[in-house]
>>> print(open('data-v3.txt').read())   # compact mmCIF, N, CA and C atoms
# COMPACT_ATOMS: atom_id res chain seq x y z
N MET A 1 -4.16 20.90 37.08
CA MET A 1 -2.86 20.70 37.68
C MET A 1 -2.48 19.24 37.63
N ARG A 2 -3.44 18.37 37.90
CA ARG A 2 -3.16 16.93 37.89
C ARG A 2 -2.75 16.47 36.50
N GLY A 3 -3.39 17.04 35.46
CA GLY A 3 -3.04 16.68 34.09
C GLY A 3 -1.64 17.10 33.71
N ILE A 4 -1.25 18.27 34.19
CA ILE A 4 0.11 18.75 33.89
C ILE A 4 1.14 17.84 34.55
N VAL A 5 0.89 17.47 35.79
CA VAL A 5 1.83 16.59 36.49
C VAL A 5 1.88 15.23 35.82
N ALA A 6 0.73 14.70 35.42
CA ALA A 6 0.70 13.40 34.76
C ALA A 6 1.44 13.43 33.42
N SER A 7 1.19 14.46 32.62
CA SER A 7 1.88 14.53 31.33
C SER A 7 3.37 14.78 31.52
N GLY A 8 3.74 15.58 32.51
CA GLY A 8 5.16 15.79 32.80
C GLY A 8 5.84 14.51 33.23
N THR A 9 5.14 13.71 34.02
CA THR A 9 5.70 12.43 34.46
C THR A 9 5.88 11.49 33.28
N VAL A 10 4.90 11.45 32.38
CA VAL A 10 5.01 10.58 31.20
C VAL A 10 6.19 11.00 30.34
N VAL A 11 6.35 12.30 30.14
CA VAL A 11 7.47 12.79 29.33
C VAL A 11 8.80 12.41 29.99
N LEU A 12 8.90 12.58 31.29
CA LEU A 12 10.14 12.24 31.98
C LEU A 12 10.42 10.74 31.94
N VAL A 13 9.39 9.92 32.00
CA VAL A 13 9.60 8.47 31.90
C VAL A 13 10.06 8.09 30.50
N VAL A 14 9.46 8.71 29.48
CA VAL A 14 9.88 8.41 28.10
C VAL A 14 11.32 8.84 27.89
N LEU A 15 11.68 10.02 28.41
CA LEU A 15 13.07 10.46 28.30
C LEU A 15 14.00 9.56 29.12
N GLY A 16 13.47 8.93 30.14
CA GLY A 16 14.27 8.08 31.01
C GLY A 16 14.69 6.77 30.39
N ILE A 17 14.21 6.47 29.18
CA ILE A 17 14.61 5.23 28.53
C ILE A 17 16.11 5.23 28.28
N GLY A 18 16.67 6.39 27.90
CA GLY A 18 18.10 6.45 27.63
C GLY A 18 18.92 6.93 28.80
N ASN A 19 18.31 7.66 29.73
CA ASN A 19 19.07 8.24 30.83
C ASN A 19 18.26 8.08 32.11
N HIS A 20 18.81 7.39 33.08
CA HIS A 20 18.06 7.07 34.29
C HIS A 20 17.85 8.28 35.21
N LEU A 21 18.55 9.36 34.97
CA LEU A 21 18.32 10.56 35.76
C LEU A 21 16.92 11.13 35.53
N TRP A 22 16.39 10.92 34.32
CA TRP A 22 15.03 11.38 34.04
C TRP A 22 14.01 10.60 34.87
N TRP A 23 14.28 9.31 35.11
CA TRP A 23 13.41 8.51 35.97
C TRP A 23 13.38 9.11 37.37
N LEU A 24 14.57 9.48 37.86
CA LEU A 24 14.63 10.09 39.19
C LEU A 24 13.87 11.42 39.22
N ALA A 25 13.95 12.17 38.13
CA ALA A 25 13.21 13.43 38.06
C ALA A 25 11.70 13.17 38.08
N ALA A 26 11.25 12.12 37.40
CA ALA A 26 9.83 11.77 37.40
C ALA A 26 9.37 11.39 38.80
N VAL A 27 10.17 10.59 39.48
CA VAL A 27 9.82 10.18 40.84
C VAL A 27 9.80 11.39 41.77
N ALA A 28 10.78 12.29 41.61
CA ALA A 28 10.81 13.50 42.44
C ALA A 28 9.59 14.38 42.16
N LEU A 29 9.19 14.49 40.91
CA LEU A 29 8.01 15.27 40.56
C LEU A 29 6.75 14.71 41.23
N LEU A 30 6.59 13.39 41.15
CA LEU A 30 5.42 12.77 41.78
C LEU A 30 5.46 12.92 43.30
N TYR A 31 6.64 12.77 43.88
CA TYR A 31 6.77 12.92 45.33
C TYR A 31 6.41 14.34 45.76
N LEU A 32 6.93 15.33 45.07
CA LEU A 32 6.63 16.72 45.42
C LEU A 32 5.15 17.03 45.24
N TYR A 33 4.56 16.49 44.20
CA TYR A 33 3.14 16.75 43.97
C TYR A 33 2.28 16.12 45.07
N THR A 34 2.62 14.89 45.48
CA THR A 34 1.80 14.24 46.50
C THR A 34 1.99 14.86 47.87
N THR A 35 3.18 15.36 48.17
CA THR A 35 3.40 15.94 49.50
C THR A 35 3.02 17.41 49.57
N HIS A 36 3.30 18.17 48.54
CA HIS A 36 3.06 19.60 48.57
C HIS A 36 2.08 20.05 47.50
N GLY A 37 1.37 19.13 46.90
CA GLY A 37 0.48 19.45 45.79
C GLY A 37 -0.74 20.22 46.20
N ARG A 38 -1.55 20.52 45.22
CA ARG A 38 -2.73 21.36 45.42
C ARG A 38 -3.75 20.69 46.34
N GLY A 39 -3.93 19.36 46.21
CA GLY A 39 -4.95 18.67 46.99
C GLY A 39 -4.50 18.27 48.37
N SER A 40 -3.23 18.46 48.71
CA SER A 40 -2.72 18.05 49.99
C SER A 40 -2.76 19.21 50.98
N PRO A 41 -3.40 19.05 52.12
CA PRO A 41 -3.49 20.14 53.07
C PRO A 41 -2.22 20.34 53.89
N GLY A 42 -1.22 19.49 53.75
CA GLY A 42 0.01 19.63 54.50
C GLY A 42 0.06 18.71 55.70
N THR A 43 -1.06 18.16 56.11
CA THR A 43 -1.08 17.20 57.20
C THR A 43 -1.26 15.82 56.61
N PRO A 44 -0.75 14.81 57.26
CA PRO A 44 -0.91 13.47 56.71
C PRO A 44 -2.38 13.06 56.69
N PRO A 45 -2.81 12.34 55.66
CA PRO A 45 -4.22 11.94 55.58
C PRO A 45 -4.56 10.93 56.67
N ALA A 46 -5.80 10.92 57.07
CA ALA A 46 -6.26 10.00 58.09
C ALA A 46 -6.27 8.58 57.54
N GLY A 47 -5.79 7.65 58.33
CA GLY A 47 -5.75 6.26 57.90
C GLY A 47 -7.11 5.61 58.08
N PRO A 48 -7.22 4.34 57.66
CA PRO A 48 -8.52 3.68 57.76
C PRO A 48 -8.97 3.44 59.20
N GLY A 49 -8.03 3.37 60.15
CA GLY A 49 -8.42 3.11 61.53
C GLY A 49 -8.64 4.35 62.35
N SER A 50 -8.27 5.51 61.84
CA SER A 50 -8.41 6.73 62.63
C SER A 50 -9.77 7.37 62.37
N PRO A 51 -10.33 8.04 63.38
CA PRO A 51 -11.64 8.67 63.20
C PRO A 51 -11.54 9.89 62.29
N PRO A 52 -12.62 10.25 61.59
CA PRO A 52 -12.58 11.43 60.71
C PRO A 52 -12.50 12.71 61.52
N LEU A 53 -11.96 13.74 60.91
CA LEU A 53 -11.87 15.03 61.57
C LEU A 53 -13.26 15.65 61.67
N PRO A 54 -13.59 16.27 62.80
CA PRO A 54 -14.95 16.79 62.97
C PRO A 54 -15.33 17.84 61.94
N ASP A 55 -14.44 18.78 61.64
CA ASP A 55 -14.77 19.83 60.70
C ASP A 55 -15.02 19.28 59.30
N SER A 56 -14.16 18.36 58.86
CA SER A 56 -14.34 17.83 57.52
C SER A 56 -15.61 16.98 57.43
N TYR A 57 -15.94 16.26 58.50
CA TYR A 57 -17.15 15.46 58.48
C TYR A 57 -18.38 16.37 58.47
N ARG A 58 -18.31 17.45 59.24
CA ARG A 58 -19.43 18.40 59.27
C ARG A 58 -19.62 19.02 57.89
N ALA A 59 -18.51 19.36 57.24
CA ALA A 59 -18.61 19.93 55.90
C ALA A 59 -19.18 18.90 54.93
N TYR A 60 -18.77 17.65 55.09
CA TYR A 60 -19.31 16.57 54.24
C TYR A 60 -20.81 16.44 54.44
N ARG A 61 -21.26 16.45 55.70
CA ARG A 61 -22.69 16.34 55.97
C ARG A 61 -23.46 17.51 55.38
N ASP A 62 -22.90 18.72 55.50
CA ASP A 62 -23.56 19.90 54.93
C ASP A 62 -23.69 19.78 53.42
N ARG A 63 -22.60 19.35 52.76
CA ARG A 63 -22.65 19.18 51.30
C ARG A 63 -23.65 18.11 50.91
N ARG A 64 -23.65 17.00 51.65
CA ARG A 64 -24.57 15.91 51.34
C ARG A 64 -26.02 16.34 51.52
N ASP A 65 -26.32 17.05 52.60
CA ASP A 65 -27.68 17.50 52.84
C ASP A 65 -28.12 18.52 51.80
N ARG A 66 -27.20 19.42 51.43
CA ARG A 66 -27.53 20.43 50.42
C ARG A 66 -27.81 19.75 49.07
N GLN A 67 -26.99 18.74 48.71
CA GLN A 67 -27.20 18.02 47.46
C GLN A 67 -28.54 17.28 47.49
N ALA A 68 -28.87 16.65 48.60
CA ALA A 68 -30.15 15.94 48.70
C ALA A 68 -31.32 16.91 48.57
N LYS A 69 -31.18 18.08 49.15
CA LYS A 69 -32.24 19.09 49.04
C LYS A 69 -32.46 19.50 47.59
N TRP A 70 -31.35 19.72 46.87
CA TRP A 70 -31.47 20.11 45.46
C TRP A 70 -32.06 18.97 44.63
N GLU A 71 -31.68 17.73 44.95
CA GLU A 71 -32.25 16.60 44.19
C GLU A 71 -33.73 16.45 44.44
N ARG A 72 -34.18 16.63 45.67
CA ARG A 72 -35.62 16.57 45.96
C ARG A 72 -36.36 17.68 45.23
N ARG A 73 -35.77 18.88 45.23
CA ARG A 73 -36.41 20.00 44.54
C ARG A 73 -36.51 19.72 43.04
N TYR A 74 -35.43 19.17 42.47
CA TYR A 74 -35.43 18.87 41.04
C TYR A 74 -36.51 17.85 40.71
N ARG A 75 -36.62 16.79 41.50
CA ARG A 75 -37.64 15.76 41.25
C ARG A 75 -39.04 16.34 41.39
N ARG A 76 -39.22 17.25 42.34
CA ARG A 76 -40.53 17.85 42.55
C ARG A 76 -40.91 18.78 41.39
N GLU A 77 -39.94 19.56 40.90
CA GLU A 77 -40.24 20.54 39.85
C GLU A 77 -40.25 19.94 38.46
N ARG A 78 -39.55 18.86 38.24
CA ARG A 78 -39.46 18.23 36.92
C ARG A 78 -39.69 16.73 37.03
N PRO A 79 -40.92 16.32 37.30
CA PRO A 79 -41.17 14.89 37.54
C PRO A 79 -40.91 14.00 36.33
N PHE A 80 -41.24 14.48 35.12
CA PHE A 80 -41.06 13.64 33.93
C PHE A 80 -39.57 13.44 33.63
N GLU A 81 -38.81 14.52 33.75
CA GLU A 81 -37.37 14.44 33.50
C GLU A 81 -36.70 13.55 34.55
N ALA A 82 -37.13 13.65 35.79
CA ALA A 82 -36.56 12.84 36.87
C ALA A 82 -36.85 11.37 36.64
N ARG A 83 -38.07 11.05 36.20
CA ARG A 83 -38.40 9.64 35.92
C ARG A 83 -37.59 9.10 34.75
N ARG A 84 -37.41 9.94 33.71
CA ARG A 84 -36.61 9.51 32.56
C ARG A 84 -35.17 9.23 32.97
N GLN A 85 -34.62 10.11 33.79
CA GLN A 85 -33.23 9.91 34.23
C GLN A 85 -33.13 8.66 35.10
N THR A 86 -34.12 8.39 35.93
CA THR A 86 -34.10 7.20 36.75
C THR A 86 -34.15 5.94 35.89
N ARG A 87 -34.99 5.97 34.85
CA ARG A 87 -35.08 4.82 33.95
C ARG A 87 -33.75 4.58 33.24
N GLU A 88 -33.13 5.66 32.75
CA GLU A 88 -31.86 5.51 32.04
C GLU A 88 -30.76 5.02 32.97
N LYS A 89 -30.79 5.44 34.21
CA LYS A 89 -29.77 5.03 35.15
C LYS A 89 -29.89 3.55 35.50
N SER A 90 -31.12 3.04 35.53
CA SER A 90 -31.34 1.64 35.92
C SER A 90 -30.99 0.66 34.80
N ARG A 91 -30.85 1.15 33.58
CA ARG A 91 -30.52 0.26 32.45
C ARG A 91 -29.12 -0.19 32.46
>>> encode(input="data-v3.txt", output="structure tokens")
Amino acid sequence: MRGIVASGTVVLVVLGIGNHLWWLAAVALLYLYTTHGRGSPGTPPAGPGSPPLPDSYRAYRDRRDRQAKWERRYRRERPFEARRQTREKSR
């Protein structure tokens, strides 16, 4: 979805070279996507000074713990591959 919106915006900007109404259409497209788009829950995002929402933080912790568990399991079951990946990452 993000790619479609980005390519649509680029096309509208290119068309806007001759007609400024296309620029307005591009801005309207970006505005609608940011306010009502797929990734927007409909509520304004939390600012840097506001505390995180409890449910989203709990979900974040669950995902982080689950990912750490899988990474520990992977390192335990495939020690040589894990060491190789660690070496490549440090380069």
>>> atom_distance(input="data-v3.txt", atom1="atom N of Gly3 in chain A", atom2="CA of Tyr60 in chain A")
24.6 Å
>>> atom_distance(input="data-v3.txt", atom1="CA of Leu29 in chain A", atom2="atom C of Ile17 in chain A")
17.8 Å
>>> atom_distance(input="data-v3.txt", atom1="atom C of Tyr74 in chain A", atom2="atom N of Glu88 in chain A")
14.9 Å
>>> axis_aligned_box(input="data-v3.txt", around="range 63-75 of chain A", padding_each_side="3 Å", output="JSON")
{"center_x": -30.8, "center_y": 18.1, "center_z": 46.8, "size_x": 22.4, "size_y": 10.7, "size_z": 18.1}
>>> residues_around(input="data-v3.txt", residues="Leu12 in chain A", least_positions_apart="6", cutoff="8 Å", atoms="all atoms listed in the file", output="PyMOL selection string")
chain A and resi 6+21-27
